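Right, one structure below, let's go through it.
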Amino acid sequence: MGNRGWAIFVTLIIGLALAFFSYFIWLGEAHLAFNELGLVVLLTSLLLLLSFGTTIESGAGTSSAIILPLVLPSLYLLGPLWGGIVAALGTIKPSQLKKGFPRHVFFLNRAMMFLAGAISSFWLVFLTDFQFEWINIWIIGAMGITFSFVNNSLLWVGLWVDGKLSRGNNFILFALERVRTVFISVLVAVIFIIVYQSHALPGILILFALVFLFRDVLQARFKHINSFFQVIESFARVIDTKDPYTRGHSERVAQYVEDLGKKAGLSPIRVPRLVQAAKLHDVGKLGIPEAILQKPGRLTAREYDQIKTHPEQGEELLNNIEMLDDLLHIIRHHHERYDGKGYPDGRKGEEIPFEARLLTLADAYDCMTTDRIYRRALSKEEVLEELERCSGTQFDPRLTRILIDMLNNGYYERHLK
Ligand SMILES: [Fe+2]
């Protein structure tokens, strides 16, 4: 996209926010009662306290989930203009105030927050026309989802235009992961509004506690998920060091499976899961003696039989981890063959899970393209020949076709030196 796309994006978003801002002023939204002014100050400072004290940096959507319990009451109690102002000012982060932080990004962030607030309060404007006097959880829920959606989409487009969208980062997955958090945020927001409306100022102390408790819960949740993935990564590294001839194998297979999965039309939600399965696929080798794994000569039939237990051992090893439930069958079947002559179950064709078939192919591709004790890495022509030869016997023919097309389009050169 380059600089021009980025400049257009920034101008457009800031312009749009200013247009909404002027429109709300024109509607006469600017007037504030004294206690409302107090609320603006209170909510903005609470938000600032939150974002200044937060250390979570696991994607943009996370921050929107954390601020929602305060942004939603702002919009609900103060309306779109002042609610939007609270959202825009309250989300300033310490890093954005440092010298050298690009000023246009600072204003872009404010504009994005204001816009998300303005757009999500359409629900409010629309529904207050009907003179609801009671707190309506559905309005707040709809606002929460809309706010989170607009905020995340704008960030998404921004990263895309700027060319900073990293691989494997997927909007659908990103959004789904956040939906759950939005529900908690909505709940906290509703409690906030009820407490404020019934107890006004004394309730604020409770709110303080509530907001910080909520932040800690969220932080713990994200830390938990992050450390879980770190464990997977170190597992993969341990597996690779067990077998020095396949150093970096799991990482490379993970990369191939991602590229191949996308080309083969695997659902965007499944691609990252398959990548994790790929990182863990040989975890069962931890149960195989190193003397066998690292044996330089030919393996005896018994030794080979032992190696062949690694898919089952892997499945068993991970069996108790709930978060990996949906990956176990991929790990179990990654050595099945399309013609049914593989192991451990001798499954045939479509009986083998699709994702396991993908992994088998990516696994074999890495074997072909790396040096082994008994042979050098294959050239591109040799790989193509081997793929043609094994298509329909060892590999799923449709997937093999896709990989062959990728190789013919420069994939081999891009990933291998
Ligand atoms: Fe394996």
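Chain labels run A, B, ... following the order of the structure tokens; each chain numbers its residues from 1, and ligands are numbered from 1 in the order shown.
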
(message) Taking only C-alpha atoms and all ligand atoms into account, list the residues no farther than 7 Å from ligand 1, as a list in words.
(response)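 Taking only C-alpha atoms and all ligand atoms into account, the residues around ligand 1 at most 7 Å away are His281, Asp282, His310, Pro311, His334 and His335 of chain A.
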
Give me, as a PDB file with C-alpha atoms, in the first residue's frame, all polymer residues having an atom no more than 8 Å from Ser185 of chain A, counting only C-alpha atoms and skipping those fewer than 2 positions away in the same chain.
ATOM      1  CA  ALA A  65     -12.053  -5.266  26.013  1.00  0.00           C
ATOM      2  CA  ILE A  66     -10.392  -3.748  29.052  1.00  0.00           C
ATOM      3  CA  LEU A  68     -15.263  -1.269  27.615  1.00  0.00           C
ATOM      4  CA  PRO A  69     -16.478  -1.481  31.243  1.00  0.00           C
ATOM      5  CA  GLY A 144     -20.242  -3.185  23.409  1.00  0.00           C
ATOM      6  CA  THR A 181     -14.425 -10.806  26.697  1.00  0.00           C
ATOM      7  CA  VAL A 182     -17.044  -8.353  25.419  1.00  0.00           C
ATOM      8  CA  PHE A 183     -19.702 -10.217  27.388  1.00  0.00           C
ATOM      9  CA  LEU A 187     -21.680  -7.170  32.521  1.00  0.00           C
ATOM     10  CA  VAL A 188     -19.187  -5.000  34.384  1.00  0.00           C
ATOM     11  CA  ALA A 189     -20.508  -1.947  32.515  1.00  0.00           C
TER      12      ALA A 189
END

(request) To one decimal in Å, tell me the separation between atom CA of Leu299 of chain A and atom CA of Ile373 of chain A. (result)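 Spanning atom CA of Leu299 of chain A to atom CA of Ile373 of chain A is a straight-line distance of 12.7 Å.
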
(request) Compile the contact shell of Phe21 of chain A as a VMD selection string: residues with an atom at most 10 Å away, counting only C-alpha atoms, same-chain residues fewer than 5 positions apart removed. (result) chain A and resid 15 to 16 26 to 27 29 to 30 80 to 82 84 to 85 111 114 to 115 118
